[in-house]
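Peer 1: You'll find entry22.cif just under this line, and it carries mmCIF, C-alpha atoms and all ligand atoms.
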data_structure
#
loop_
_atom_site.label_atom_id
_atom_site.label_comp_id
_atom_site.auth_asym_id
_atom_site.auth_seq_id
_atom_site.Cartn_x
_atom_site.Cartn_y
_atom_site.Cartn_z
CA MET A 1 0.40 19.75 9.54
CA TYR A 2 0.83 15.98 9.51
CA LYS A 3 4.31 14.49 9.46
CA LEU A 4 4.51 11.22 7.50
CA TYR A 5 7.41 8.83 8.03
CA SER A 6 7.42 6.83 4.85
CA MET A 7 9.61 5.16 2.26
CA GLN A 8 9.08 6.15 -1.35
CA ARG A 9 8.99 2.61 -2.79
CA SER A 10 7.04 1.04 0.08
CA GLY A 11 3.52 0.06 -0.99
CA ASN A 12 2.18 0.45 2.55
CA SER A 13 3.62 3.98 2.71
CA TYR A 14 2.25 4.78 -0.74
CA LYS A 15 -1.28 3.91 0.36
CA VAL A 16 -1.10 6.74 2.91
CA ARG A 17 0.49 9.20 0.45
CA LEU A 18 -2.26 8.38 -2.05
CA ALA A 19 -5.01 8.99 0.51
CA LEU A 20 -3.43 12.30 1.58
CA ALA A 21 -3.20 13.38 -2.07
CA LEU A 22 -6.79 12.37 -2.89
CA LEU A 23 -7.93 14.33 0.17
CA GLY A 24 -5.72 17.31 -0.67
CA ALA A 25 -4.26 17.21 2.83
CA PRO A 26 -0.88 18.95 3.25
CA TYR A 27 1.87 17.04 5.04
CA GLN A 28 5.60 16.86 5.53
CA ALA A 29 7.16 13.65 4.23
CA ILE A 30 10.18 12.18 6.01
CA GLU A 31 11.97 9.47 4.04
CA VAL A 32 12.97 6.44 6.14
CA ASP A 33 15.28 3.94 4.42
CA ILE A 34 14.32 0.63 5.98
CA LEU A 35 17.16 -1.19 4.24
CA ARG A 36 19.65 1.01 6.02
CA GLY A 37 17.96 0.18 9.33
CA GLU A 38 16.50 3.66 9.74
CA SER A 39 13.20 2.27 11.07
CA ARG A 40 15.03 0.28 13.76
CA THR A 41 16.99 3.04 15.46
CA PRO A 42 16.18 3.78 19.12
CA GLU A 43 14.74 7.16 18.03
CA PHE A 44 12.36 5.61 15.50
CA LEU A 45 11.40 2.70 17.80
CA ALA A 46 10.40 5.26 20.42
CA LYS A 47 7.88 6.58 17.91
CA ASN A 48 6.75 3.18 16.58
CA PRO A 49 7.78 0.07 18.54
CA SER A 50 7.03 -2.06 15.45
CA GLY A 51 9.93 -0.39 13.66
CA GLN A 52 7.98 0.03 10.44
CA VAL A 53 6.70 2.64 8.04
CA PRO A 54 4.28 4.20 7.38
CA LEU A 55 3.95 6.20 10.57
CA LEU A 56 1.84 9.35 10.81
CA GLU A 57 2.54 12.02 13.41
CA ILE A 58 -0.89 13.50 13.94
CA ALA A 59 0.08 16.02 16.58
CA GLU A 60 3.33 16.65 18.41
CA GLY A 61 4.34 13.28 19.89
CA ARG A 62 1.08 11.54 18.84
CA TYR A 63 1.87 8.73 16.39
CA LEU A 64 -0.31 6.33 14.42
CA ALA A 65 1.12 3.21 12.73
CA GLU A 66 -0.42 0.55 10.42
CA SER A 67 -1.29 1.80 6.96
CA ASN A 68 -4.93 0.76 7.07
CA ALA A 69 -5.52 2.33 10.49
CA ILE A 70 -3.98 5.54 9.14
CA LEU A 71 -6.25 5.37 6.09
CA TRP A 72 -9.30 5.18 8.35
CA TYR A 73 -8.07 8.03 10.54
CA LEU A 74 -7.63 10.26 7.49
CA ALA A 75 -10.84 9.20 5.78
CA VAL A 76 -13.40 9.63 8.56
CA GLY A 77 -15.83 12.37 7.57
CA THR A 78 -14.88 12.22 3.87
CA SER A 79 -16.30 10.25 0.95
CA LEU A 80 -13.41 7.78 1.28
CA ALA A 81 -15.10 6.37 4.41
CA PRO A 82 -18.46 4.75 3.72
CA GLU A 83 -21.27 5.89 5.99
CA SER A 84 -23.54 2.90 6.46
CA ARG A 85 -22.71 0.20 8.98
CA MET A 86 -22.66 -2.53 6.32
CA ASP A 87 -20.59 -0.51 3.82
CA ARG A 88 -18.05 0.25 6.55
CA ALA A 89 -17.86 -3.41 7.52
CA GLU A 90 -17.37 -4.40 3.87
CA ALA A 91 -14.58 -1.84 3.47
CA LEU A 92 -12.94 -3.33 6.56
CA GLN A 93 -13.47 -6.85 5.22
CA TRP A 94 -11.42 -5.98 2.12
CA MET A 95 -8.78 -4.19 4.18
CA PHE A 96 -8.28 -7.26 6.36
CA PHE A 97 -8.13 -9.33 3.16
CA GLU A 98 -5.46 -6.95 1.86
CA GLN A 99 -3.34 -7.48 4.97
CA HIS A 100 -3.62 -11.26 5.18
CA ALA A 101 -3.97 -12.39 1.54
CA LEU A 102 -2.47 -9.75 -0.74
CA GLU A 103 0.25 -7.81 1.09
CA PRO A 104 2.10 -10.81 2.60
CA ASN A 105 2.41 -12.39 -0.88
CA ILE A 106 2.47 -9.72 -3.58
CA GLY A 107 4.01 -7.22 -1.15
CA ALA A 108 6.75 -9.67 -0.23
CA ALA A 109 7.40 -10.59 -3.89
CA TYR A 110 7.54 -6.90 -4.82
CA PHE A 111 9.99 -6.13 -2.04
CA TRP A 112 12.41 -8.94 -2.77
CA LEU A 113 12.15 -9.10 -6.57
CA SER A 114 11.80 -5.45 -7.40
CA LEU A 115 13.59 -3.55 -4.66
CA VAL A 116 16.32 -5.75 -3.24
CA ARG A 117 19.23 -6.42 -5.52
CA GLY A 118 19.85 -10.20 -5.49
CA GLY A 119 16.51 -10.73 -3.71
CA ARG A 120 15.31 -13.42 -6.14
CA GLU A 121 18.27 -15.64 -5.29
CA LEU A 122 17.88 -14.97 -1.56
CA GLN A 123 14.18 -15.92 -1.58
CA THR A 124 13.89 -18.80 -4.11
CA HIS A 125 12.45 -21.04 -1.37
CA ALA A 126 9.55 -18.62 -0.67
CA LEU A 127 8.76 -17.41 -4.17
CA GLU A 128 6.54 -20.33 -5.24
CA ASP A 129 4.25 -19.85 -2.23
CA TRP A 130 4.03 -16.09 -2.75
CA MET A 131 3.09 -16.62 -6.41
CA GLU A 132 0.45 -19.26 -5.64
CA ARG A 133 -1.15 -17.29 -2.82
CA GLY A 134 -0.79 -13.98 -4.64
CA TYR A 135 -2.60 -15.34 -7.69
CA ALA A 136 -5.33 -16.75 -5.44
CA ALA A 137 -5.83 -13.28 -3.93
CA LEU A 138 -5.94 -11.67 -7.37
CA GLN A 139 -8.61 -14.18 -8.44
CA VAL A 140 -10.78 -13.25 -5.44
CA MET A 141 -10.46 -9.58 -6.38
CA GLU A 142 -11.16 -10.31 -10.06
CA ASN A 143 -14.33 -12.22 -9.18
CA HIS A 144 -15.60 -9.30 -7.09
CA LEU A 145 -14.71 -6.70 -9.70
CA LYS A 146 -16.55 -8.57 -12.48
CA THR A 147 -19.76 -7.21 -10.97
CA HIS A 148 -18.59 -4.19 -8.93
CA GLU A 149 -16.81 -0.99 -9.92
CA PHE A 150 -15.15 -0.62 -6.51
CA PHE A 151 -14.68 -2.82 -3.43
CA ALA A 152 -17.27 -1.31 -1.09
CA ALA A 153 -20.17 1.13 -1.08
CA GLY A 154 -20.19 1.44 -4.91
CA GLN A 155 -17.56 4.19 -4.79
CA LEU A 156 -13.87 4.78 -4.18
CA THR A 157 -13.12 4.12 -0.51
CA VAL A 158 -10.21 3.34 1.77
CA ALA A 159 -10.61 -0.30 0.72
CA ASP A 160 -9.66 0.55 -2.88
CA ILE A 161 -6.66 2.59 -1.72
CA ALA A 162 -5.47 -0.27 0.49
CA LEU A 163 -5.77 -2.82 -2.33
CA TYR A 164 -4.34 -0.54 -5.00
CA GLY A 165 -1.02 -0.19 -3.11
CA TYR A 166 0.39 -3.59 -4.03
CA THR A 167 -1.93 -4.68 -6.87
CA HIS A 168 -0.63 -1.93 -9.14
CA VAL A 169 2.95 -3.17 -8.79
CA ALA A 170 2.15 -6.89 -9.16
CA ASP A 171 3.40 -6.84 -12.75
CA GLN A 172 6.79 -5.61 -11.49
CA CYS A 173 7.31 -8.84 -9.52
CA ASP A 174 6.44 -11.68 -11.94
CA PHE A 175 2.62 -11.55 -11.70
CA ASP A 176 0.90 -11.48 -15.09
CA LEU A 177 -2.27 -9.40 -14.83
CA ALA A 178 -3.43 -10.25 -18.38
CA ALA A 179 -5.79 -12.90 -17.03
CA PHE A 180 -7.45 -10.32 -14.72
CA PRO A 181 -9.20 -7.81 -17.00
CA SER A 182 -11.57 -6.54 -14.32
CA ILE A 183 -8.61 -5.74 -12.05
CA GLY A 184 -7.04 -3.88 -14.99
CA SER A 185 -10.17 -1.75 -15.46
CA TRP A 186 -10.37 -1.04 -11.72
CA LEU A 187 -6.71 0.04 -11.61
CA ARG A 188 -7.47 2.56 -14.41
CA ARG A 189 -10.59 3.76 -12.56
CA VAL A 190 -8.56 4.48 -9.42
CA GLU A 191 -5.89 6.26 -11.51
CA GLN A 192 -8.52 8.56 -13.01
CA MET A 193 -9.65 9.88 -9.62
CA PRO A 194 -9.03 13.63 -9.13
CA GLY A 195 -5.93 14.10 -7.01
CA PHE A 196 -4.46 10.69 -7.85
CA VAL A 197 -0.67 10.53 -7.55
CA SER A 198 1.70 7.75 -8.57
CA MET A 199 4.00 5.89 -6.21
CA ASP A 200 6.97 7.96 -7.38
CA TRP A 201 5.35 11.25 -6.51
CA CYS A 202 6.07 12.94 -3.22
CA PRO A 203 5.24 16.45 -2.02
CA ASP A 204 8.77 17.76 -2.43
CA LEU A 205 10.28 15.95 -5.39
CA GLU A 206 9.74 13.44 -8.16
CA VAL A 207 11.73 10.22 -7.64
CA THR A 208 12.66 8.18 -10.68
CA PRO A 209 12.25 4.37 -10.57
CA SER A 210 16.02 4.00 -10.95
CA ALA A 211 16.36 5.67 -7.55
CA SER A 212 14.69 2.66 -5.96
CA ILE A 213 16.44 1.08 -3.03
CA ALA A 214 18.74 -1.88 -3.18
CA ALA A 215 20.07 -4.02 -0.35
CA ASP A 216 23.64 -3.22 -1.18
CA ALA A 217 23.09 0.40 -2.21
N1 LIG A 301 1.00 -3.95 8.52
C1 LIG A 301 1.88 -2.83 8.34
C2 LIG A 301 3.10 -3.32 7.59
C3 LIG A 301 4.15 -2.22 7.48
C4 LIG A 301 5.41 -2.74 6.81
O1 LIG A 301 5.57 -3.93 6.54
N2 LIG A 301 6.31 -1.81 6.57
C5 LIG A 301 7.55 -2.16 5.95
C6 LIG A 301 7.74 -1.33 4.67
S1 LIG A 301 6.47 -1.70 3.48
C7 LIG A 301 8.68 -1.78 6.91
O2 LIG A 301 8.69 -0.71 7.46
N3 LIG A 301 9.66 -2.69 7.12
C8 LIG A 301 10.82 -2.41 7.90
C9 LIG A 301 11.04 -3.38 8.99
O3 LIG A 301 10.15 -4.22 9.27
O4 LIG A 301 12.12 -3.33 9.57
C10 LIG A 301 1.17 -1.71 7.59
O5 LIG A 301 0.22 -1.99 6.85
O6 LIG A 301 1.54 -0.54 7.77
#
Could you express the structure from this file as C-alpha cells?
Peer 2:
Amino acid sequence: MYKLYSMQRSGNSYKVRLALALLGAPYQAIEVDILRGESRTPEFLAKNPSGQVPLLEIAEGRYLAESNAILWYLAVGTSLAPESRMDRAEALQWMFFEQHALEPNIGAAYFWLSLVRGGRELQTHALEDWMERGYAALQVMENHLKTHEFFAAGQLTVADIALYGYTHVADQCDFDLAAFPSIGSWLRRVEQMPGFVSMDWCPDLEVTPSASIAADA
C-alpha cells in the first residue's frame, strides 16, 4: 500500500489525494504539519531533500516528490493519462502552466490569506503581484475552457487534477470567480466525477475547515 505524506489543507497534497480517490487506490495518509516544521526535520529531509509535501512512498524506502510527478506515476495505464503523444504533451503543457503561473500566485495567496493567521499583514507587499498574475492565469484557463470541456484529450486527465487543486480555493483568497463562468462549469464537472473527494476528506477522518492550520496555532 502507498504511504502518502501530506498536509490536509495543502493544495499540492490534495491533488494527490484526489487522484488516489478517483483511481480507488488504497493508501495510508501521514499528516505533516509544515507550519510546525515537520517537513524540515532530519528524518523527513532524508526522505525528501526539498522538505515539502506531498511525498509518496511507493515501496519501502522508495520516495517520489513533486505533486505533478506523483500524478503521472499514479495515472499511467489509467484513463487519467492520455494515450496519444500530442494529448500527453498537452496535459504536460497545462501541468507546467499550473506550476509556473497558477500555483505560485493563487497557491501563495491561499496559503497566506486563508491558512496563516495574520498572513495578509505579513504579505501586503506581495499580494498585489499574486492577484495580478493569478487573474492572468485564470483568464488563460477561462479562454481555453470556453471551447473545451477539459484541459487535454477531451476528458478528465491529470492536467485537470493539477489545475483543480488551487483553482477551487481561489475564492477563499480574494479571487472573484464570477467573471470566469467557464471555469465555474469546469469545477462542477470535475466535482461530478465518480470517486471525487473534497479537500477536507481523508481516508481516516473528516477534517472541518475550522481545523485548518494557523501560524501561531
Ligand atoms: N512543486 C511542489 C511544491 C510543493 C510545496 O510547495 N509544498 C508545500 C505545501 S503546499 C510545502 O511542503 N511547504 C513546506 C516547506 O517548503 O517547508 C509540488 O508540486 O509538490
Peer 1: Which is closest to Tyr135 (chain A) among A:Leu80, A:Leu92, A:Cys173, A:Leu187, if we use only C-alpha atoms?
Peer 2: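 Distance minimum relative to Tyr135 (chain A) lands on A:Cys173.
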Peer 1: Using only the atoms of ligand LIG 301 (chain A) listed in the file, plus 6 Å on each side, state the axis-aligned box centre and edge lengths in Å rounded to one decimal, as AutoDock Vina command-line options.
Peer 2:
--center_x 6.2 --center_y -2.4 --center_z 6.5 --size_x 23.9 --size_y 15.7 --size_z 18.1
Peer 1: Please give me, as a short mmCIF file (atom, residue, chain, number, x, y, z; two decimals) with C-alpha atoms, in the frame of the given file, the residues lying within 6 Å of ligand LIG 301 (chain A) when counting all atoms listed in the file.
Peer 2:
data_model
loop_
_atom_site.label_atom_id
_atom_site.label_comp_id
_atom_site.auth_asym_id
_atom_site.auth_seq_id
_atom_site.Cartn_x
_atom_site.Cartn_y
_atom_site.Cartn_z
CA SER A 10 7.04 1.04 0.08
CA GLY A 11 3.52 0.06 -0.99
CA ASN A 12 2.18 0.45 2.55
CA ILE A 34 14.32 0.63 5.98
CA SER A 39 13.20 2.27 11.07
CA GLY A 51 9.93 -0.39 13.66
CA GLN A 52 7.98 0.03 10.44
CA VAL A 53 6.70 2.64 8.04
CA PRO A 54 4.28 4.20 7.38
CA GLU A 66 -0.42 0.55 10.42
CA SER A 67 -1.29 1.80 6.96
CA ASN A 68 -4.93 0.76 7.07
#
Peer 1: Counting only C-alpha atoms, which residues sit no farther than 12 Å from the position (-18.5, -4.7, -8.5) in the file's frame? I'd like them as JSON, numbers by chain.
Peer 2: {"A": [140, 141, 142, 143, 144, 145, 146, 147, 148, 149, 150, 151, 152, 153, 154, 155, 156, 160, 182, 183, 185, 186]}
Peer 1: Rank A:Thr78, A:Leu138, A:Ile58, A:Tyr14 by their smallest atom-to-atom distance to Ala179 (chain A), using all atoms listed in the file, and report the top residue only.
Peer 2: A:Leu138
Peer 1: So the first atom is CA of Ala59 (chain A) and the second is CA of Tyr2 (chain A); what is the distance between them in Å, to one decimal place?
Peer 2: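 Pair CA of Ala59 (chain A) / CA of Tyr2 (chain A) returns 7.1 Å.
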Peer 1: Taking only C-alpha atoms into account, name the residue in A:Thr41, A:Gln123, A:Gln139, A:Gln93 that is nearest to Phe175 (chain A).
Peer 2: A:Gln139
Peer 1: Please compute the CA of Thr157 (chain A)-CA of Lys3 (chain A) distance, one decimal, in Å.
Peer 2: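 A separation of 22.6 Å between them.
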Peer 1: Of the candidates A:Val76, A:Ile106, A:Ala69, A:Ala91, which shows the shortest atom-to-atom distance to Asp176 (chain A), using all atoms listed in the file?
Peer 2: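 So, comparing all the options, the nearest one is A:Ile106.
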Peer 1: Using all atoms listed in the file - which residues lie no farther than 7 Å from the point (-1.6, -3.8, -3.3) in the file's frame? Write them as a ChimeraX atom specification.
Peer 2: /A:11,102-103,107,162-168
Peer 1: What gap, in Å, lies between CA of Asn105 (chain A) and CA of Gly134 (chain A)?
Peer 2: 5.2 Å
Peer 1: Go through A:Leu35, A:Leu20, A:Ala29, A:Ala109 and flag the residue nearest Asp174 (chain A), using only C-alpha atoms for the distances.
Peer 2: A:Ala109
Peer 1: Could you list, as a short mmCIF file (atom, residue, chain, number, x, y, z; two decimals) with C-alpha atoms, in the coordinates of the input, every residue within 9 Å of region 196-203 of chain A, counting all atoms listed in the file and ignoring same-chain residues fewer than 5 positions away?
Peer 2:
data_model
loop_
_atom_site.label_atom_id
_atom_site.label_comp_id
_atom_site.auth_asym_id
_atom_site.auth_seq_id
_atom_site.Cartn_x
_atom_site.Cartn_y
_atom_site.Cartn_z
CA GLN A 8 9.08 6.15 -1.35
CA ARG A 9 8.99 2.61 -2.79
CA SER A 10 7.04 1.04 0.08
CA GLY A 11 3.52 0.06 -0.99
CA TYR A 14 2.25 4.78 -0.74
CA LYS A 15 -1.28 3.91 0.36
CA ARG A 17 0.49 9.20 0.45
CA LEU A 18 -2.26 8.38 -2.05
CA ALA A 19 -5.01 8.99 0.51
CA ALA A 21 -3.20 13.38 -2.07
CA LEU A 22 -6.79 12.37 -2.89
CA PRO A 26 -0.88 18.95 3.25
CA TYR A 27 1.87 17.04 5.04
CA GLN A 28 5.60 16.86 5.53
CA ALA A 29 7.16 13.65 4.23
CA GLY A 165 -1.02 -0.19 -3.11
CA VAL A 190 -8.56 4.48 -9.42
CA GLU A 191 -5.89 6.26 -11.51
CA THR A 208 12.66 8.18 -10.68
CA PRO A 209 12.25 4.37 -10.57
#
Peer 1: Measuring atom to atom with all atoms listed in the file, identify which of A:Gly184, A:Gly195, A:Glu43, A:Pro82 is nearest to Ala25 (chain A).
Peer 2: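 Closest to Ala25 (chain A) of all the choices is A:Gly195.
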